[in-house]
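**Student:** Below you'll find the structure I mean.
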Amino acid sequence: MQEQVDYSEAIRTKYPEQVVIVVARDRNGRVNPITLGWTMIASGEPPMMAIAVARSHYSVEAIDHAGCFTIAFPSAEMAEAALFYGSHSGRECDKFTECPAPTAPTRDIDSVILTEAVANFECTLETRIEAGDHVLYVGRVVAAHKSSEPKKRLYTLGPGHVLGPAS
Ligand SMILES: Cc1cc2nc3c(=O)[nH]c(=O)nc-3n(C[C@H](O)[C@H](O)[C@H](O)COP(=O)(O)O)c2cc1C
C-alpha cells in the first residue's frame with residue numbers, strides 16, 4: 001500500500017545517498033572541488049556520468065569554463081574534506097589550500113584526481129542541460145583510476161549531511 005505525501009516527505013527516504021567530489025579548473029587556473037549527492041551513471045557505452053549542480057554555485061562557472069571535470073568517489077575517511085568542499089564556495093576561498101586533500105595529475109583532461117578516493121573518473125563535457133534550479137552536466141569518461149587498497153565509499157546517511165560508510 002502507498003500513502004500520498006508531499007515530494008519533500010517522500011524524497012527523504014532516499015538515504016543512504018552516494019557522495020562524489022567534482023573538481024574543475026576555474027578561469028584563474030585554480031582547481032575547485034565541490035561535494036555532490038545528485039549524480040548518476042548516464043551511459044555504459046560510451047561511458048558517461050551525470051551531475052546536477054545548483055545554478056548559483058561557483059562550480060557552474062568553473063565547469064562551463066573548463067569543459068571538463070573529475071568525478072571522485074571519496075572514501076569514508078574523506079568525510080571532513082567532503083563537508084568542507086560542500087559548505088564553502090570557490091568564489092570566496094581556495095578550498096584545496098584551506099582544506100588540503102592529496103591530489104595527482106590527470107591523464108587526459110585539465111584537472112586533478114584525489115589520491116585518497118576510492119575511484120576517480122576524468123570527464124569531458126558532453127551535454128549541459130538546464131534543469132530547474134540546477135544544471136545537469138553529462139560527462140564522457142575518458143580515463144578512470146581506482147585505489148589499489150580496499151576502501152569504503154562515503155555516503156550521506158541522513159538529513160543534515162550526516163556522512164559515513166553505508167555499512
Ligand atoms: C553531502 C553534500 C551533498 C551535496 N550535494 C549537492 C548537489 O548534489 N548539488 C549541488 O549543487 N550542491 C550540493 N551540495 C552543496 C555544495 O557542495 C555547496 O553549496 C558548495 O559549497 C558549492 O561550492 P562552489 O560554490 O565552490 O561551487 C552538497 C553538499 C554536501 C555537503
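Chain labels follow the order of the C-alpha cells: the first chain is A, the next B, and so on; residue numbering restarts at 1 in every chain, and ligands are counted from 1 in their shown order.
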Would you list, as number ranges by chain, the residues of segment 7-160 of chain A that end up in strand (DSSP E or B) under DSSP run on this structure's backbone?

**Tutor:** A: 17-18, 20-25, 31-36, 39-43, 48-54, 68-73, 75, 103-105, 112-114, 119-131, 134-146, 153, 155-158

**Student:** Can you tell me which residues come within 6 Å of ligand 1 when counting only C-alpha atoms and all ligand atoms, ideally as a ChimeraX atom specification?

**Tutor:** /A:34-38,52-54,57-59,83,85-90,156,161

**Student:** With C-alpha atoms retained, export the selected residues as an mmCIF file, in the first residue's frame.

**Tutor:**
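The result, stored in part18.cif:
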```cif
data_model
loop_
_atom_site.group_PDB
_atom_site.id
_atom_site.type_symbol
_atom_site.label_atom_id
_atom_site.label_comp_id
_atom_site.auth_asym_id
_atom_site.auth_seq_id
_atom_site.Cartn_x
_atom_site.Cartn_y
_atom_site.Cartn_z
ATOM 1 C CA ILE A 34 32.566 20.613 -4.875
ATOM 2 C CA THR A 35 30.716 17.879 -2.998
ATOM 3 C CA LEU A 36 27.614 16.489 -4.714
ATOM 4 C CA GLY A 37 24.978 13.899 -3.949
ATOM 5 C CA TRP A 38 22.988 14.270 -7.144
ATOM 6 C CA ALA A 52 23.470 18.177 -11.015
ATOM 7 C CA VAL A 53 24.988 21.469 -9.827
ATOM 8 C CA ALA A 54 22.902 24.384 -8.463
ATOM 9 C CA HIS A 57 27.318 27.588 -7.326
ATOM 10 C CA TYR A 58 30.752 28.751 -8.384
ATOM 11 C CA SER A 59 31.364 25.277 -9.857
ATOM 12 C CA LEU A 83 31.904 18.538 4.277
ATOM 13 C CA TYR A 85 34.075 21.337 -0.037
ATOM 14 C CA GLY A 86 30.305 21.090 0.350
ATOM 15 C CA SER A 87 29.935 24.100 2.626
ATOM 16 C CA HIS A 88 32.412 26.663 1.238
ATOM 17 C CA SER A 89 32.390 28.390 -2.136
ATOM 18 C CA GLY A 90 35.317 28.689 -4.514
ATOM 19 C CA THR A 156 25.162 10.731 3.181
ATOM 20 C CA HIS A 161 24.744 15.986 5.818
#
```

**Student:** Please indicate the distance in Å from atom CA of Tyr15 of chain A to atom CA of Ile51 of chain A, rounded to one decimal place.

**Tutor:**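 Straight-line distance from atom CA of Tyr15 of chain A to atom CA of Ile51 of chain A works out to 17.6 Å.
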
**Student:** Ranking A:His134, A:Lys95, A:Arg140, A:Arg153 by minimum distance to Met49 of chain A and counting only C-alpha atoms, which one comes first?

**Tutor:**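 Using only C-alpha atoms, Met49 of chain A sits closest to A:Arg140.
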